[in-house]
>>> print(open('run00.pdb').read())   # PDB, C-alpha atoms
ATOM      1  CA  MET W   9       0.000   0.000   0.000
ATOM      2  CA  LEU W  10       2.836   2.333   0.803
ATOM      3  CA  GLY W  11       4.431   1.415  -2.564
ATOM      4  CA  THR W  12       1.301   2.444  -4.481
ATOM      5  CA  PHE W  13       1.107   5.602  -2.447
ATOM      6  CA  SER W  14       4.730   6.690  -3.045
ATOM      7  CA  ARG W  15       4.446   5.783  -6.759
ATOM      8  CA  GLN W  16       1.385   7.997  -7.107
ATOM      9  CA  LEU W  17       3.074  10.830  -5.267
ATOM     10  CA  ARG W  18       6.147  10.625  -7.512
ATOM     11  CA  ASN W  19       3.988  10.721 -10.627
ATOM     12  CA  HIS W  20       1.819  13.597  -9.389
ATOM     13  CA  PRO W  21       3.859  15.722  -6.986
ATOM     14  CA  ALA W  22       1.191  18.419  -6.928
ATOM     15  CA  LEU W  23      -0.815  16.136  -4.675
ATOM     16  CA  ILE W  24       1.598  16.528  -1.777
ATOM     17  CA  PRO W  25      -0.074  19.633  -0.231
ATOM     18  CA  LEU W  26      -3.376  17.786  -0.412
ATOM     19  CA  PHE W  27      -2.003  14.968   1.710
ATOM     20  CA  ILE W  28      -0.479  17.407   4.132
ATOM     21  CA  PHE W  29      -3.759  19.205   4.702
ATOM     22  CA  ILE W  30      -5.897  16.079   4.830
ATOM     23  CA  GLY W  31      -3.402  14.403   7.153
ATOM     24  CA  GLY W  32      -3.240  17.473   9.365
ATOM     25  CA  GLY W  33      -7.012  17.670   9.547
ATOM     26  CA  CYS W  34      -7.312  14.001  10.499
ATOM     27  CA  ALA W  35      -4.623  14.411  13.150
ATOM     28  CA  MET W  36      -6.393  17.407  14.628
ATOM     29  CA  SER W  37      -9.786  15.685  14.804
ATOM     30  CA  LEU W  38      -8.294  12.557  16.322
ATOM     31  CA  THR W  39      -6.379  14.509  18.953
ATOM     32  CA  TYR W  40      -9.509  16.460  19.814
ATOM     33  CA  LEU W  41     -11.462  13.247  20.247
ATOM     34  CA  ALA W  42      -8.679  11.842  22.394
ATOM     35  CA  ARG W  43      -8.661  15.001  24.516
ATOM     36  CA  LEU W  44     -12.402  14.714  24.977
ATOM     37  CA  ALA W  45     -12.182  11.044  25.863
ATOM     38  CA  LEU W  46      -9.285  11.292  28.296
ATOM     39  CA  ARG W  47      -9.264  14.821  29.703
ATOM     40  CA  ASN W  48     -12.885  15.913  29.755
ATOM     41  CA  PRO W  49     -14.022  15.941  33.382
ATOM     42  CA  ASP W  50     -17.557  14.913  32.392
ATOM     43  CA  VAL W  51     -16.328  11.568  31.076
ATOM     44  CA  CYS W  52     -16.281   8.771  33.623
ATOM     45  CA  TRP W  53     -14.298   5.650  32.690
ATOM     46  CA  ASP W  54     -14.100   3.964  36.058
ATOM     47  CA  ARG W  55     -17.377   4.069  37.941
ATOM     48  CA  LYS W  56     -16.071   2.222  40.942
ATOM     49  CA  ASN W  57     -12.840   4.090  41.713
ATOM     50  CA  ASN W  58     -13.472   7.487  40.180
ATOM     51  CA  PRO W  59     -17.209   8.009  40.018
ATOM     52  CA  GLU W  60     -17.280  11.822  39.818
ATOM     53  CA  PRO W  61     -14.197  13.039  37.966
ATOM     54  CA  TRP W  62     -15.438  16.617  37.751
ATOM     55  CA  ASN W  63     -15.084  16.909  41.499
ATOM     56  CA  LYS W  64     -11.349  16.440  41.205
ATOM     57  CA  MET W  65     -10.982  19.820  39.520
ATOM     58  CA  LYS W  66      -9.721  22.793  41.472
ATOM     59  CA  PRO W  67     -11.743  26.022  41.270
ATOM     60  CA  THR W  68      -9.068  27.585  39.062
ATOM     61  CA  ASP W  69      -8.816  24.722  36.536
ATOM     62  CA  GLN W  70      -9.770  25.755  33.032
ATOM     63  CA  TYR W  71     -10.866  23.072  30.612
ATOM     64  CA  LYS W  72     -12.044  25.322  27.798
ATOM     65  CA  PHE W  73      -9.533  26.490  25.245
ATOM     66  CA  TYR W  74     -10.481  30.121  25.442
ATOM     67  CA  ALA W  75     -12.448  31.803  28.207
ATOM     68  CA  VAL W  76     -13.784  35.114  26.967
ATOM     69  CA  SER W  77     -14.559  37.104  30.088
ATOM     70  CA  MET W  78     -13.891  34.817  33.061
ATOM     71  CA  ASP W  79     -10.755  35.358  35.135
ATOM     72  CA  TYR W  80     -10.053  31.864  36.429
ATOM     73  CA  SER W  81      -7.245  32.940  38.716
ATOM     74  CA  LYS W  82      -9.692  34.773  40.981
ATOM     75  CA  LEU W  83     -12.072  31.876  41.590
ATOM     76  CA  LYS W  84     -12.354  30.154  44.948
ATOM     77  CA  LYS W  85     -14.231  27.189  46.276
ATOM     78  CA  GLU W  86     -17.723  28.392  47.119
ATOM     79  CA  GLY W  87     -19.460  25.784  49.204
ATOM     80  CA  PRO W  88     -18.518  24.628  52.686
ATOM     81  CA  ASP W  89     -16.418  21.526  53.287
ATOM     82  CA  PHE W  90     -18.009  18.489  54.844
TER      83      PHE W  90
ATOM     84  CA  MET Z  28      -5.985  29.339  56.809
ATOM     85  CA  HIS Z  29      -7.683  30.138  60.116
ATOM     86  CA  VAL Z  30      -5.448  29.988  63.161
ATOM     87  CA  LEU Z  31      -7.076  28.939  66.411
ATOM     88  CA  ASN Z  32      -5.759  30.068  69.781
ATOM     89  CA  VAL Z  33      -4.933  26.949  71.667
ATOM     90  CA  SER Z  34      -4.310  26.946  75.391
ATOM     91  CA  HIS Z  35      -0.654  26.529  76.235
ATOM     92  CA  ASP Z  36      -1.310  23.862  78.835
ATOM     93  CA  PHE Z  37      -0.799  21.210  76.174
ATOM     94  CA  HIS Z  38       2.313  20.396  74.193
ATOM     95  CA  VAL Z  39       2.468  18.122  71.185
ATOM     96  CA  PRO Z  40       4.930  15.262  71.612
ATOM     97  CA  ARG Z  41       6.927  13.792  68.752
ATOM     98  CA  ASN Z  42       5.255  10.391  68.646
ATOM     99  CA  LYS Z  43       3.826   9.736  65.242
ATOM    100  CA  GLY Z  44       0.288   8.711  66.169
ATOM    101  CA  SER Z  45      -1.782   6.652  68.500
ATOM    102  CA  ALA Z  46      -3.990   3.695  67.646
ATOM    103  CA  HIS Z  47      -6.550   6.022  66.088
ATOM    104  CA  GLY Z  48      -3.992   7.795  63.916
ATOM    105  CA  SER Z  49      -4.429  11.123  65.731
ATOM    106  CA  ARG Z  50      -1.751  12.832  67.755
ATOM    107  CA  ALA Z  51      -1.956  12.109  71.438
ATOM    108  CA  LEU Z  52      -1.574  15.317  73.380
ATOM    109  CA  VAL Z  53      -0.258  15.185  76.884
ATOM    110  CA  SER Z  54      -1.067  17.962  79.310
ATOM    111  CA  ASP Z  55       1.271  19.094  82.048
ATOM    112  CA  SER Z  56      -0.454  16.769  84.469
ATOM    113  CA  GLY Z  57       0.414  13.888  82.151
ATOM    114  CA  HIS Z  58      -2.932  12.429  81.049
ATOM    115  CA  THR Z  59      -3.903  12.238  77.354
ATOM    116  CA  VAL Z  60      -6.496  14.746  76.151
ATOM    117  CA  THR Z  61      -6.737  13.734  72.461
ATOM    118  CA  ARG Z  62     -10.466  13.622  72.198
ATOM    119  CA  THR Z  63     -11.084  17.030  73.771
ATOM    120  CA  TYR Z  64      -8.460  18.790  71.647
ATOM    121  CA  THR Z  65      -9.532  17.358  68.303
ATOM    122  CA  SER Z  66     -13.222  17.814  68.990
ATOM    123  CA  ARG Z  67     -12.626  21.431  70.068
ATOM    124  CA  LEU Z  68     -10.555  21.971  66.934
ATOM    125  CA  ARG Z  69     -13.340  20.565  64.819
ATOM    126  CA  GLN Z  70     -15.962  22.698  66.575
ATOM    127  CA  GLY Z  71     -13.805  25.804  66.165
ATOM    128  CA  HIS Z  72     -13.312  25.122  62.479
ATOM    129  CA  ALA Z  73     -17.024  24.490  62.057
ATOM    130  CA  ARG Z  74     -17.859  27.748  63.817
ATOM    131  CA  VAL Z  75     -15.500  29.787  61.628
ATOM    132  CA  MET Z  76     -16.839  28.087  58.500
ATOM    133  CA  ALA Z  77     -20.427  28.715  59.599
ATOM    134  CA  GLU Z  78     -19.723  32.430  60.049
ATOM    135  CA  ASP Z  79     -18.192  32.683  56.567
ATOM    136  CA  ILE Z  80     -21.145  30.869  55.070
ATOM    137  CA  GLN Z  81     -23.604  33.072  56.968
ATOM    138  CA  GLN Z  82     -22.035  36.135  55.379
ATOM    139  CA  LYS Z  83     -22.099  34.515  51.951
ATOM    140  CA  LEU Z  84     -25.724  33.498  52.369
ATOM    141  CA  GLU Z  85     -26.730  37.028  53.314
ATOM    142  CA  LYS Z  86     -25.147  38.399  50.145
ATOM    143  CA  TYR Z  87     -26.451  35.602  47.910
ATOM    144  CA  ARG Z  88     -27.912  36.668  44.563
ATOM    145  CA  THR Z  89     -27.566  33.647  42.308
ATOM    146  CA  ALA Z  90     -25.434  30.572  41.724
ATOM    147  CA  PRO Z  91     -21.838  31.662  41.108
ATOM    148  CA  PHE Z  92     -19.666  30.455  38.257
ATOM    149  CA  ASP Z  93     -18.402  26.941  38.858
ATOM    150  CA  ALA Z  94     -15.229  25.969  36.995
ATOM    151  CA  ARG Z  95     -16.334  22.321  36.974
ATOM    152  CA  PHE Z  96     -19.276  23.216  34.712
ATOM    153  CA  PRO Z  97     -18.152  25.965  32.352
ATOM    154  CA  ASN Z  98     -20.522  25.315  29.452
ATOM    155  CA  GLN Z  99     -24.100  26.140  28.672
ATOM    156  CA  ASN Z 100     -25.519  22.853  29.919
ATOM    157  CA  GLN Z 101     -25.772  23.248  33.697
ATOM    158  CA  THR Z 102     -27.651  20.011  34.368
ATOM    159  CA  ARG Z 103     -24.728  18.445  36.124
ATOM    160  CA  ASN Z 104     -24.218  21.568  38.222
ATOM    161  CA  CYS Z 105     -27.809  21.268  39.467
ATOM    162  CA  TRP Z 106     -27.415  17.547  40.152
ATOM    163  CA  GLN Z 107     -24.107  17.950  41.956
ATOM    164  CA  ASN Z 108     -25.389  20.667  44.258
ATOM    165  CA  TYR Z 109     -28.474  18.644  45.084
ATOM    166  CA  LEU Z 110     -26.263  15.694  45.991
ATOM    167  CA  ASP Z 111     -23.841  17.927  47.893
ATOM    168  CA  TYR Z 112     -26.624  19.406  50.014
ATOM    169  CA  HIS Z 113     -27.831  16.010  51.140
ATOM    170  CA  ARG Z 114     -24.331  14.599  51.573
ATOM    171  CA  CYS Z 115     -23.341  17.662  53.607
ATOM    172  CA  GLN Z 116     -26.384  17.261  55.838
ATOM    173  CA  LYS Z 117     -25.665  13.590  56.338
ATOM    174  CA  ALA Z 118     -21.975  14.185  57.066
ATOM    175  CA  LEU Z 119     -22.481  17.092  59.458
ATOM    176  CA  ASP Z 120     -25.295  15.262  61.242
ATOM    177  CA  ALA Z 121     -22.993  12.309  61.718
ATOM    178  CA  LYS Z 122     -20.313  14.604  63.169
ATOM    179  CA  GLY Z 123     -22.842  16.298  65.418
ATOM    180  CA  VAL Z 124     -22.123  19.778  64.041
ATOM    181  CA  ASP Z 125     -24.708  22.416  63.094
ATOM    182  CA  THR Z 126     -25.830  21.837  59.486
ATOM    183  CA  ALA Z 127     -26.496  25.496  58.643
ATOM    184  CA  PRO Z 128     -23.470  25.775  56.270
ATOM    185  CA  CYS Z 129     -25.109  23.198  54.011
ATOM    186  CA  ASP Z 130     -27.725  25.813  53.120
ATOM    187  CA  TRP Z 131     -25.306  27.228  50.581
ATOM    188  CA  TYR Z 132     -25.800  24.157  48.399
ATOM    189  CA  LYS Z 133     -29.543  24.347  48.905
ATOM    190  CA  ARG Z 134     -29.635  27.944  47.682
ATOM    191  CA  VAL Z 135     -27.529  27.039  44.642
ATOM    192  CA  TYR Z 136     -29.630  24.083  43.565
ATOM    193  CA  ASN Z 137     -32.818  26.052  44.112
ATOM    194  CA  SER Z 138     -31.423  28.685  41.742
ATOM    195  CA  LEU Z 139     -30.354  26.212  39.093
ATOM    196  CA  CYS Z 140     -32.761  23.297  39.061
ATOM    197  CA  PRO Z 141     -36.248  23.217  37.595
ATOM    198  CA  LEU Z 142     -38.883  22.801  40.305
ATOM    199  CA  SER Z 143     -40.216  19.614  38.748
ATOM    200  CA  TRP Z 144     -36.825  17.938  39.082
ATOM    201  CA  ILE Z 145     -36.486  18.958  42.718
ATOM    202  CA  GLU Z 146     -39.946  17.626  43.528
ATOM    203  CA  LYS Z 147     -39.264  14.411  41.637
ATOM    204  CA  TRP Z 148     -35.995  13.823  43.436
ATOM    205  CA  ASP Z 149     -37.525  14.625  46.809
ATOM    206  CA  THR Z 150     -40.274  12.058  46.296
ATOM    207  CA  GLN Z 151     -37.698   9.563  45.066
ATOM    208  CA  ARG Z 152     -35.629  10.084  48.188
ATOM    209  CA  GLU Z 153     -38.655   9.516  50.379
ATOM    210  CA  ASP Z 154     -39.525   6.357  48.464
ATOM    211  CA  GLY Z 155     -35.972   5.139  48.597
ATOM    212  CA  THR Z 156     -35.620   5.020  44.816
ATOM    213  CA  PHE Z 157     -33.260   7.979  44.474
ATOM    214  CA  PRO Z 158     -30.592   7.043  41.904
ATOM    215  CA  GLY Z 159     -27.779   9.157  43.274
ATOM    216  CA  LYS Z 160     -25.353   8.193  45.998
ATOM    217  CA  ILE Z 161     -25.950  10.212  49.161
TER     218      ILE Z 161
END
>>> encode(input="run00.pdb", output="structure tokens")
Amino acid sequence: MLGTFSRQLRNHPALIPLFIFIGGGCAMSLTYLARLALRNPDVCWDRKNNPEPWNKMKPTDQYKFYAVSMDYSKLKKEGPDF
Amino acid sequence: MHVLNVSHDFHVPRNKGSAHGSRALVSDSGHTVTRTYTSRLRQGHARVMAEDIQQKLEKYRTAPFDARFPNQNQTRNCWQNYLDYHRCQKALDAKGVDTAPCDWYKRVYNSLCPLSWIEKWDTQREDGTFPGKI
């Protein structure tokens, strides 16, 4: 399969940017899915040992990529401990 | 970090823990006073916490931003505060401390949750069919 691929690329070198962009796009979508699966605090893989993963976050943890108007460094835990 | 004024009759020895894993304090007269010290510490901490929460409750307008739930869907925020209120009540009742600080969670879930959900969960708790772990 790799032989066919490299033969095609040698015969039509203009296709190289196409592969770069398609490959980059696939890599980005796969990494985003992996980030969602592994880092998203709403996702619970292990119900017995880690049933509420969102509770492990500190008040200043930011999961979103870009927070428009929220200053995370000033947040504190609101409710009482028990 | 709140610092409590502790009477200087007691000194903390270097031993790394008694059978219960708490430090055994020895007063000048020599007998252990572990239970009194730790329970007073707990009561002091509870009192300080209750005062903070009283002030917060007086100034309460609506549920504040919670970093655990940053997106538009606040369902889990509602659910978590409902659970936290009942867990807090259960835990503070078990410790024998005043449960007034738990009212913070009650105010938050009353702000966030639809009334029908709250009524449904309350009836489920009474029936014993509540799906959450309290």
>>> interface_residues(input="run00.pdb", of="chain W", to="chain Z", cutoff="12 Å", atoms="only C-alpha atoms", output="MDAnalysis selection string")
chainID W and resid 48:51 59:90
>>> write_last_selection(input="run00.pdb", atoms="C-alpha atoms", output="PDB file, in the frame of the given file")
ATOM      1  CA  ASN W  48     -12.885  15.913  29.755  1.00  0.00           C
ATOM      2  CA  PRO W  49     -14.022  15.941  33.382  1.00  0.00           C
ATOM      3  CA  ASP W  50     -17.557  14.913  32.392  1.00  0.00           C
ATOM      4  CA  VAL W  51     -16.328  11.568  31.076  1.00  0.00           C
ATOM      5  CA  PRO W  59     -17.209   8.009  40.018  1.00  0.00           C
ATOM      6  CA  GLU W  60     -17.280  11.822  39.818  1.00  0.00           C
ATOM      7  CA  PRO W  61     -14.197  13.039  37.966  1.00  0.00           C
ATOM      8  CA  TRP W  62     -15.438  16.617  37.751  1.00  0.00           C
ATOM      9  CA  ASN W  63     -15.084  16.909  41.499  1.00  0.00           C
ATOM     10  CA  LYS W  64     -11.349  16.440  41.205  1.00  0.00           C
ATOM     11  CA  MET W  65     -10.982  19.820  39.520  1.00  0.00           C
ATOM     12  CA  LYS W  66      -9.721  22.793  41.472  1.00  0.00           C
ATOM     13  CA  PRO W  67     -11.743  26.022  41.270  1.00  0.00           C
ATOM     14  CA  THR W  68      -9.068  27.585  39.062  1.00  0.00           C
ATOM     15  CA  ASP W  69      -8.816  24.722  36.536  1.00  0.00           C
ATOM     16  CA  GLN W  70      -9.770  25.755  33.032  1.00  0.00           C
ATOM     17  CA  TYR W  71     -10.866  23.072  30.612  1.00  0.00           C
ATOM     18  CA  LYS W  72     -12.044  25.322  27.798  1.00  0.00           C
ATOM     19  CA  PHE W  73      -9.533  26.490  25.245  1.00  0.00           C
ATOM     20  CA  TYR W  74     -10.481  30.121  25.442  1.00  0.00           C
ATOM     21  CA  ALA W  75     -12.448  31.803  28.207  1.00  0.00           C
ATOM     22  CA  VAL W  76     -13.784  35.114  26.967  1.00  0.00           C
ATOM     23  CA  SER W  77     -14.559  37.104  30.088  1.00  0.00           C
ATOM     24  CA  MET W  78     -13.891  34.817  33.061  1.00  0.00           C
ATOM     25  CA  ASP W  79     -10.755  35.358  35.135  1.00  0.00           C
ATOM     26  CA  TYR W  80     -10.053  31.864  36.429  1.00  0.00           C
ATOM     27  CA  SER W  81      -7.245  32.940  38.716  1.00  0.00           C
ATOM     28  CA  LYS W  82      -9.692  34.773  40.981  1.00  0.00           C
ATOM     29  CA  LEU W  83     -12.072  31.876  41.590  1.00  0.00           C
ATOM     30  CA  LYS W  84     -12.354  30.154  44.948  1.00  0.00           C
ATOM     31  CA  LYS W  85     -14.231  27.189  46.276  1.00  0.00           C
ATOM     32  CA  GLU W  86     -17.723  28.392  47.119  1.00  0.00           C
ATOM     33  CA  GLY W  87     -19.460  25.784  49.204  1.00  0.00           C
ATOM     34  CA  PRO W  88     -18.518  24.628  52.686  1.00  0.00           C
ATOM     35  CA  ASP W  89     -16.418  21.526  53.287  1.00  0.00           C
ATOM     36  CA  PHE W  90     -18.009  18.489  54.844  1.00  0.00           C
TER      37      PHE W  90
END
>>> atom_distance(input="run00.pdb", atom1="CA of Trp148 in chain Z", atom2="CA of Gln101 in chain Z")
17.0 Å
>>> residues_around(input="run00.pdb", residues="Asp149 in chain Z", least_positions_apart="5", cutoff="12 Å", atoms="all atoms listed in the file", output="ChimeraX atom specification")
/Z:109-110,113,142-144,154-159
>>> closest_residue(input="run00.pdb", among="Z:Asp125, Z:Arg152, Z:Cys140, Z:Ile161", to="Thr102 in chain Z", atoms="only C-alpha atoms")
Z:Cys140
>>> atom_distance(input="run00.pdb", atom1="CA of Lys86 in chain Z", atom2="CA of Pro141 in chain Z")
22.6 Å
>>> atom_distance(input="run00.pdb", atom1="CA of Asn100 in chain Z", atom2="CA of Arg134 in chain Z")
18.9 Å
